[in-house]
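protein_27.txt follows; it contains compact mmCIF, C-alpha atoms.
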```txt
# COMPACT_ATOMS: atom_id res chain seq x y z
CA MET A 1 0.00 0.00 0.00
CA SER A 2 1.34 3.42 -0.94
CA THR A 3 2.39 5.66 1.93
CA ASN A 4 2.12 8.82 -0.20
CA LYS A 5 -1.61 9.31 0.34
CA ILE A 6 -3.31 12.54 -0.63
CA PRO A 7 -3.96 14.41 2.63
CA LEU A 8 -7.66 14.83 3.35
CA ASN A 9 -7.74 18.40 4.53
CA LYS A 10 -9.14 21.86 3.81
CA GLU A 11 -6.61 22.46 1.03
CA LEU A 12 -7.88 19.37 -0.79
CA ALA A 13 -11.51 20.43 -0.31
CA ASP A 14 -10.69 23.89 -1.68
CA ARG A 15 -8.86 22.38 -4.66
CA ILE A 16 -11.83 20.13 -5.49
CA SER A 17 -14.19 23.11 -5.22
CA THR A 18 -11.97 25.08 -7.60
CA LEU A 19 -11.84 22.24 -10.13
CA ILE A 20 -15.63 21.78 -10.01
CA GLY A 21 -16.06 25.52 -10.46
CA ASN A 22 -13.73 25.44 -13.46
CA VAL A 23 -15.70 22.57 -15.03
CA ARG A 24 -18.95 24.47 -14.57
CA ARG A 25 -17.52 27.66 -16.06
CA SER A 26 -16.00 25.75 -19.00
CA VAL A 27 -19.29 24.03 -19.84
CA ILE A 28 -21.24 27.29 -19.57
CA ASP A 29 -18.68 29.28 -21.60
CA LEU A 30 -18.48 26.64 -24.35
CA ALA A 31 -22.26 26.25 -24.48
CA SER A 32 -22.81 30.01 -24.64
CA LEU A 33 -20.28 30.32 -27.47
CA ALA A 34 -21.81 27.39 -29.39
CA ALA A 35 -25.26 28.98 -29.09
CA GLU A 36 -24.02 32.30 -30.49
CA ILE A 37 -22.26 30.55 -33.39
CA ARG A 38 -25.31 28.44 -34.24
CA ASN A 39 -27.71 31.35 -34.06
CA GLN A 40 -25.52 33.49 -36.32
CA TYR A 41 -24.61 30.96 -38.99
CA ARG A 42 -27.57 28.60 -39.45
CA ASP A 43 -30.43 29.16 -41.87
CA GLU A 44 -34.09 29.75 -41.02
CA SER A 45 -34.85 26.01 -40.90
CA GLY A 46 -32.33 25.66 -38.09
CA LYS A 47 -30.80 22.61 -39.77
CA LYS A 48 -28.23 23.92 -42.23
CA TYR A 49 -25.29 26.28 -41.84
CA ASP A 50 -23.87 28.66 -44.40
CA SER A 51 -20.74 27.94 -46.44
CA THR A 52 -18.53 30.07 -44.16
CA PHE A 53 -19.38 27.89 -41.16
CA GLU A 54 -18.93 24.65 -43.11
CA ALA A 55 -15.49 25.81 -44.32
CA PHE A 56 -14.49 26.70 -40.76
CA TRP A 57 -15.77 23.35 -39.45
CA LYS A 58 -13.66 21.37 -41.94
CA ALA A 59 -10.55 23.59 -41.89
CA PHE A 60 -10.12 23.36 -38.12
CA ASN A 61 -11.42 19.78 -37.64
CA MET A 62 -14.34 20.66 -35.39
CA ASP A 63 -15.50 17.02 -35.56
CA GLY A 64 -12.29 16.10 -33.79
CA LYS A 65 -12.98 18.68 -31.08
CA PHE A 66 -16.72 18.11 -30.50
CA GLY A 67 -16.90 14.46 -31.59
CA THR A 68 -19.89 15.01 -33.90
CA ARG A 69 -22.05 17.87 -35.13
CA ALA A 70 -24.80 16.55 -32.86
CA THR A 71 -22.63 17.25 -29.80
CA PHE A 72 -22.10 20.82 -31.00
CA THR A 73 -25.88 21.14 -31.38
CA LYS A 74 -26.37 19.94 -27.80
CA TYR A 75 -23.92 22.53 -26.51
CA ALA A 76 -25.75 25.20 -28.51
CA SER A 77 -29.10 24.12 -27.03
CA ILE A 78 -27.59 24.33 -23.55
CA GLY A 79 -26.26 27.79 -24.34
CA ASP A 80 -29.72 28.94 -25.41
CA VAL A 81 -31.32 27.78 -22.16
CA ILE A 82 -28.53 29.37 -20.08
CA HIS A 83 -29.16 32.70 -21.84
CA LYS A 84 -32.89 32.23 -21.28
CA VAL A 85 -32.49 31.63 -17.55
CA GLN A 86 -30.14 34.62 -17.23
CA ALA A 87 -32.60 36.86 -19.09
CA GLN A 88 -35.99 35.62 -17.79
CA PHE A 89 -35.19 33.92 -14.48
CA GLU A 90 -32.07 35.79 -13.35
CA MET A 91 -32.48 34.99 -9.65
CA TYR A 92 -32.25 31.25 -10.46
CA ALA A 93 -29.11 31.42 -12.62
CA ASP A 94 -27.03 29.71 -9.92
CA SER A 95 -29.57 26.87 -9.67
CA LEU A 96 -28.49 25.28 -12.95
CA PRO A 97 -26.59 21.97 -12.69
CA VAL A 98 -22.99 21.38 -13.73
CA THR A 99 -23.23 18.35 -16.02
CA MET A 100 -23.80 18.67 -19.75
CA THR A 101 -26.41 15.88 -19.77
CA ALA A 102 -28.58 17.56 -17.13
CA LEU A 103 -28.26 20.96 -18.80
CA TYR A 104 -29.28 19.44 -22.13
CA GLU A 105 -32.42 17.91 -20.59
CA ILE A 106 -33.28 21.33 -19.15
CA SER A 107 -32.92 22.80 -22.65
CA GLN A 108 -35.73 20.47 -23.78
CA LEU A 109 -38.24 22.12 -21.43
CA THR A 110 -40.68 24.78 -22.63
CA ASP A 111 -40.49 28.26 -21.10
CA GLU A 112 -43.52 27.47 -18.92
CA GLU A 113 -42.04 24.14 -17.74
CA LEU A 114 -38.69 25.78 -17.06
CA GLY A 115 -40.35 28.41 -14.89
CA LEU A 116 -42.18 25.73 -12.91
CA CYS A 117 -39.12 23.53 -12.38
CA LEU A 118 -36.99 26.39 -11.09
CA VAL A 119 -39.43 27.17 -8.24
CA ASN A 120 -40.91 23.79 -7.22
CA THR A 121 -41.66 20.18 -8.18
CA TYR A 122 -45.17 19.84 -9.53
CA ARG A 123 -47.16 16.78 -10.60
CA ARG A 124 -50.49 16.38 -12.36
CA SER A 125 -52.73 13.47 -13.33
CA GLU A 126 -53.94 14.97 -16.63
CA VAL A 127 -52.67 17.56 -19.12
CA THR A 128 -55.80 19.69 -18.90
CA ALA A 129 -55.82 19.77 -15.08
CA ASP A 130 -56.39 23.18 -13.54
CA GLN A 131 -53.42 24.57 -11.60
CA LYS A 132 -55.42 24.17 -8.38
CA LYS A 133 -55.30 20.39 -8.92
CA TRP A 134 -51.54 20.22 -9.32
CA ILE A 135 -49.71 18.26 -6.63
CA LYS A 136 -46.69 19.84 -4.94
CA PRO A 137 -44.66 19.36 -1.73
CA LYS A 138 -46.77 20.13 1.33
CA THR A 139 -43.96 21.85 3.19
CA LYS A 140 -41.53 24.31 1.63
CA PRO A 141 -40.95 24.42 -2.17
CA LYS A 142 -38.51 21.85 -3.58
CA PRO A 143 -37.28 23.07 -6.97
CA LEU A 144 -36.82 20.26 -9.47
CA ILE A 145 -33.86 22.14 -10.98
CA HIS A 146 -30.92 22.53 -8.62
CA PRO A 147 -27.10 22.30 -9.01
CA HIS A 148 -26.99 18.55 -8.29
CA VAL A 149 -30.04 17.34 -10.25
CA GLN A 150 -29.43 14.41 -12.59
CA ALA A 151 -30.47 14.28 -16.24
CA GLY A 152 -32.78 11.30 -15.66
CA ILE A 153 -34.78 13.20 -13.03
CA ILE A 154 -35.49 16.06 -15.43
CA SER A 155 -36.24 13.76 -18.37
CA GLY A 156 -38.57 11.62 -16.25
CA TRP A 157 -40.44 14.64 -14.91
CA ARG A 158 -40.89 16.11 -18.42
CA LYS A 159 -42.38 12.86 -19.77
CA ARG A 160 -44.74 12.42 -16.81
CA TRP A 161 -45.77 16.09 -16.93
CA ARG A 162 -46.60 15.99 -20.62
CA ASN A 163 -48.06 12.46 -20.68
CA PRO A 164 -49.37 11.91 -17.12
CA VAL A 165 -50.69 8.50 -16.12
CA PRO A 166 -54.15 8.70 -14.52
CA PRO A 167 -54.80 6.82 -11.26
CA ASP A 168 -56.45 3.39 -11.43
CA THR A 169 -59.50 4.85 -9.68
CA ASP A 170 -60.16 7.28 -12.56
CA LYS A 171 -63.59 6.53 -14.03
CA ARG A 172 -63.00 8.26 -17.36
CA LYS A 173 -62.11 5.05 -19.20
CA LEU A 174 -64.50 4.90 -22.16
CA SER A 175 -62.55 5.53 -25.36
CA VAL A 176 -64.29 8.01 -27.70
CA ALA A 177 -61.78 8.56 -30.49
CA GLU A 178 -58.21 8.03 -31.65
CA VAL A 179 -55.99 10.50 -33.48
CA LYS A 180 -53.20 8.96 -35.54
CA ILE A 181 -50.58 10.67 -37.66
CA HIS A 182 -48.50 9.55 -40.64
CA ASN A 183 -45.54 7.35 -39.69
CA SER A 184 -43.21 9.46 -41.85
CA LEU A 185 -42.84 11.73 -38.80
CA THR A 186 -39.58 9.87 -38.18
CA SER A 187 -38.40 9.68 -41.81
CA PHE A 188 -35.12 11.35 -42.80
CA ARG A 189 -33.18 11.76 -46.04
CA LYS A 190 -29.65 10.46 -46.53
CA ASP A 191 -28.30 13.95 -45.89
CA GLY A 192 -29.90 13.94 -42.43
CA THR A 193 -32.79 16.30 -43.17
CA HIS A 194 -36.39 15.45 -42.36
CA ASN A 195 -38.63 14.42 -45.26
CA GLY A 196 -41.82 13.32 -43.51
CA SER A 197 -45.25 14.63 -44.37
CA VAL A 198 -45.73 15.49 -40.67
CA SER A 199 -43.15 17.55 -38.76
CA LEU A 200 -42.56 18.08 -35.05
CA ASN A 201 -44.20 21.50 -35.38
CA ASP A 202 -47.24 19.80 -36.90
CA LEU A 203 -47.33 17.39 -33.96
CA ASP A 204 -47.22 20.24 -31.45
CA ALA A 205 -49.97 22.06 -33.37
CA ILE A 206 -52.17 18.94 -33.29
CA ILE A 207 -51.69 18.61 -29.53
CA GLU A 208 -52.60 22.25 -28.93
CA ALA A 209 -55.65 21.92 -31.20
CA LEU A 210 -56.86 18.90 -29.21
CA LYS A 211 -56.44 20.75 -25.93
CA ALA A 212 -58.31 23.76 -27.30
CA ALA A 213 -61.13 21.62 -28.71
CA LEU A 214 -61.77 20.00 -25.33
CA SER A 215 -61.28 23.09 -23.19
CA GLY A 216 -64.99 23.83 -23.15
CA PHE A 217 -65.89 20.49 -21.56
CA SER A 218 -65.80 19.58 -17.89
CA SER A 219 -62.54 17.88 -16.93
CA ASP A 220 -64.56 15.71 -14.57
CA ALA A 221 -66.19 14.05 -17.58
CA ILE A 222 -63.40 14.06 -20.19
CA ARG A 223 -59.71 13.17 -19.97
CA LEU A 224 -57.21 13.74 -22.76
CA ASP A 225 -54.43 11.13 -22.94
CA LEU A 226 -51.37 12.12 -24.96
CA HIS A 227 -48.47 10.03 -26.25
CA ASP A 228 -46.44 12.68 -28.03
CA GLU A 229 -43.31 12.29 -25.87
CA LYS A 230 -42.77 8.73 -27.13
CA LEU A 231 -43.06 10.00 -30.69
CA LYS A 232 -40.63 12.86 -30.00
CA ASP A 233 -38.12 10.47 -28.45
CA LYS A 234 -38.30 8.26 -31.53
CA TYR A 235 -37.94 11.34 -33.77
CA LYS A 236 -34.78 12.46 -31.94
CA LYS A 237 -33.23 8.99 -32.12
CA GLU A 238 -33.89 8.70 -35.85
CA GLU A 239 -32.69 12.27 -36.42
CA LEU A 240 -29.42 11.60 -34.60
CA LYS A 241 -28.97 8.34 -36.50
CA ALA A 242 -29.56 10.06 -39.87
CA GLU A 243 -27.25 12.99 -39.03
CA THR A 244 -24.49 10.63 -37.89
CA LYS A 245 -24.75 8.57 -41.09
CA ALA A 246 -24.69 11.73 -43.21
CA GLU A 247 -21.60 13.01 -41.38
CA MET A 248 -19.82 9.67 -41.80
CA LYS A 249 -20.66 9.58 -45.50
CA ALA A 250 -19.40 13.13 -46.00
CA LYS A 251 -16.19 12.29 -44.14
CA GLU A 252 -15.66 9.16 -46.25
CA ALA A 253 -16.19 11.17 -49.45
CA GLU A 254 -13.75 13.81 -48.25
CA ASP A 255 -11.10 11.19 -47.39
CA ALA A 256 -11.60 9.49 -50.75
CA ALA A 257 -11.20 12.83 -52.56
CA LYS A 258 -7.89 13.43 -50.76
CA LYS A 259 -6.58 10.00 -51.82
CA LYS A 260 -7.77 10.31 -55.42
CA PRO A 261 -5.20 12.07 -57.66
CA SER A 262 -6.37 15.37 -59.05
CA LYS A 263 -7.04 15.88 -62.77
CA THR A 264 -3.96 18.14 -63.04
CA LYS A 265 -1.73 15.49 -61.48
CA MET A 266 -3.12 12.83 -63.81
CA ILE A 267 -2.41 15.02 -66.87
CA LYS A 268 1.15 15.70 -65.70
CA LYS A 269 1.70 12.00 -65.08
CA LYS A 270 0.37 11.14 -68.55
CA ARG A 271 2.66 13.70 -70.20
CA SER A 272 5.61 12.38 -68.21
CA VAL A 273 4.92 8.84 -69.43
CA GLU A 274 4.59 10.06 -73.02
CA ARG A 275 7.93 11.85 -72.79
CA LEU A 276 9.61 8.70 -71.51
CA LYS A 277 8.16 6.68 -74.36
CA SER A 278 9.32 9.19 -77.00
CA ALA A 279 12.84 9.41 -75.55
```

Final structure tokens representation of the file:
Amino acid sequence: MSTNKIPLNKELADRISTLIGNVRRSVIDLASLAAEIRNQYRDESGKKYDSTFEAFWKAFNMDGKFGTRATFTKYASIGDVIHKVQAQFEMYADSLPVTMTALYEISQLTDEELGLCLVNTYRRSEVTADQKKWIKPKTKPKPLIHPHVQAGIISGWRKRWRNPVPPDTDKRKLSVAEVKIHNSLTSFRKDGTHNGSVSLNDLDAIIEALKAALSGFSSDAIRLDLHDEKLKDKYKKEELKAETKAEMKAKEAEDAAKKKPSKTKMIKKKRSVERLKSA
């Protein structure tokens, strides 16, 4: 056993605190920068970047630095939510967690959900439930978002909040109708872009239309069950898969182009051979 043990003292505790603080600042600084870059150089669809960005990405091997374009996108999403919290919920800026995974899950929340999670932990048994029926801690508020919250906690809350499971005692069990959408929601082209006849925006619009259509009926008689989070999860998985394949294909084509002799080199080689033959 080694006798040169690290001393467990205040200096060590201070050093760990400094390192954790540096990690937090690095993640926040990188995410903020990625958000600014994405917002300045992507097109209106939010999927493609201009030629200047693409040239920069290739020239300085950004894939090697971020791993994939998808990781850069995650950092940018985190940067957007950090800016949002600083602008709209300034007093809670220090409540954000340190890890990238948790910050990314927070970036998937709507503005309304974000506001709720920063002040307390709420639950509901149906999406159309009045705020008076929401369940919350009986004692003091327990914000869902805090510096040590894990990504799974946020993701789990979001799914249950958007697609709550009614209690077994709920008597609203008679099915009246089903709404189904085209399965091309999760279809993507080889270049990684979506080509389905139904988009995520369409899905959100359908959900809002259903809520609006039933808003005039008593919630004691009608319950709206939604399953959009499962569809969105599948969309994101297929999107990431398509983007990764497109990136790999582009990289392979680029590598092949580097190995393939240029037309000028081929002409020079041909002329050199002809000169040798005529000598």

At what distance in Å, to one decimal, does atom CA of Arg124 of chain A lie from atom CA of Lys136 of chain A?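 Rounded to one decimal, the two atoms are 9.0 Å apart.
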
Which one is closest to Ala70 of chain A: A:Ala177, A:Leu226, A:Met91, A:Ala34? Count all atoms listed in the file.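 Under the stated criterion, the closest residue is A:Ala34.
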
Which distance in Å separates atom CA of Ile206 of chain A and atom CA of Trp161 of chain A, to one decimal?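 Going from atom CA of Ile206 of chain A over to atom CA of Trp161 of chain A covers 17.8 Å.
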
If we count only C-alpha atoms and set the cut-off at 8 Å, which residues sit around segment 76-83 of chain A, ignoring sequence neighbours fewer than 5 positions away in its own chain? Please answer as a PyMOL selection string. chain A and resi 28+30-36+38+93+100+103-104+106-107

Determine, counting only C-alpha atoms, which protein, DNA and RNA residues have an atom within 6 Å of an atom of segment 179-191 of chain A; residues of the same chain fewer than 6 positions away are not included. Present the result as a list in words.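 The contact residues come out as Val198, Ser199, Tyr235 and Ala246 of chain A.
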
Give the answer as one residue: which of A:Ile145, A:Ala256, A:Ile37, A:Val127 has the shortest atom-to-atom distance to Leu210 of chain A, using all atoms listed in the file?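 Under the stated criterion, the closest residue is A:Val127.
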
Mind working out the centre and edge lengths of an axis-aligned box for segment 78-89 of chain A, all listed atoms inside, 5 Å added to each side, rounded to one decimal in Å and written as JSON?
```
{"center_x": -31.1, "center_y": 30.6, "center_z": -19.9, "size_x": 19.7, "size_y": 22.5, "size_z": 20.9}
```

Would you mind reading off the distance between atom CA of Pro97 of chain A and atom CA of Gln150 of chain A, one decimal, in Å? 8.1 Å

Of the candidates A:Ala13, A:Leu200, A:Leu96, A:Ala253, which shows the shortest atom-to-atom distance to Arg25 of chain A, using all atoms listed in the file?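 Looking at the shortest contact to Arg25 of chain A, the residue is A:Leu96.
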
Could you check the closest approach to Leu118 of chain A for each of A:Lys132, A:Tyr92, A:Asp168, A:Ser175 and tell me which residue wins, using only C-alpha atoms?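 For Leu118 of chain A, the nearest of the given residues is A:Tyr92.
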
Using only C-alpha atoms, which residue out of A:Ile20, A:Leu214, A:Ala209, A:Leu109 lies closest to Lys159 of chain A?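 That would be A:Leu109, the residue with the smallest distance to Lys159 of chain A.
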
Rank nothing, just name the residue among A:Pro143, A:Ser26, A:Lys232, A:Glu126 nearest to Asn201 of chain A, using only C-alpha atoms.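 For Asn201 of chain A, the nearest of the candidates is A:Lys232.
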
Could you add N, CA and C atoms to segment 96-108 of chain A and give me the result as a short mmCIF file (atom, residue, chain, number, x, y, z; two decimals), keeping the file's coordinate frame?
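Listed below is the output, result-v9.cif:
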```
data_model
loop_
_atom_site.label_atom_id
_atom_site.label_comp_id
_atom_site.auth_asym_id
_atom_site.auth_seq_id
_atom_site.Cartn_x
_atom_site.Cartn_y
_atom_site.Cartn_z
N LEU A 96 -28.73 26.23 -11.86
CA LEU A 96 -28.49 25.28 -12.95
C LEU A 96 -27.42 24.27 -12.56
N PRO A 97 -27.57 23.02 -13.02
CA PRO A 97 -26.59 21.97 -12.69
C PRO A 97 -25.28 22.14 -13.45
N VAL A 98 -24.32 21.29 -13.13
CA VAL A 98 -22.99 21.38 -13.73
C VAL A 98 -22.87 20.52 -14.98
N THR A 99 -23.47 19.32 -14.95
CA THR A 99 -23.23 18.35 -16.02
C THR A 99 -23.92 18.73 -17.32
N MET A 100 -23.27 18.37 -18.43
CA MET A 100 -23.80 18.67 -19.75
C MET A 100 -25.12 17.94 -19.99
N THR A 101 -25.20 16.68 -19.53
CA THR A 101 -26.41 15.88 -19.77
C THR A 101 -27.64 16.48 -19.08
N ALA A 102 -27.45 16.95 -17.84
CA ALA A 102 -28.58 17.56 -17.13
C ALA A 102 -28.97 18.89 -17.77
N LEU A 103 -27.98 19.68 -18.15
CA LEU A 103 -28.26 20.96 -18.80
C LEU A 103 -29.00 20.75 -20.12
N TYR A 104 -28.61 19.71 -20.85
CA TYR A 104 -29.28 19.44 -22.13
C TYR A 104 -30.74 19.08 -21.90
N GLU A 105 -31.03 18.27 -20.88
CA GLU A 105 -32.42 17.91 -20.59
C GLU A 105 -33.22 19.15 -20.21
N ILE A 106 -32.60 20.08 -19.50
CA ILE A 106 -33.28 21.33 -19.15
C ILE A 106 -33.60 22.13 -20.41
N SER A 107 -32.70 22.06 -21.39
CA SER A 107 -32.92 22.80 -22.65
C SER A 107 -34.12 22.27 -23.43
N GLN A 108 -34.58 21.06 -23.09
CA GLN A 108 -35.73 20.47 -23.78
C GLN A 108 -37.07 20.89 -23.17
#
```
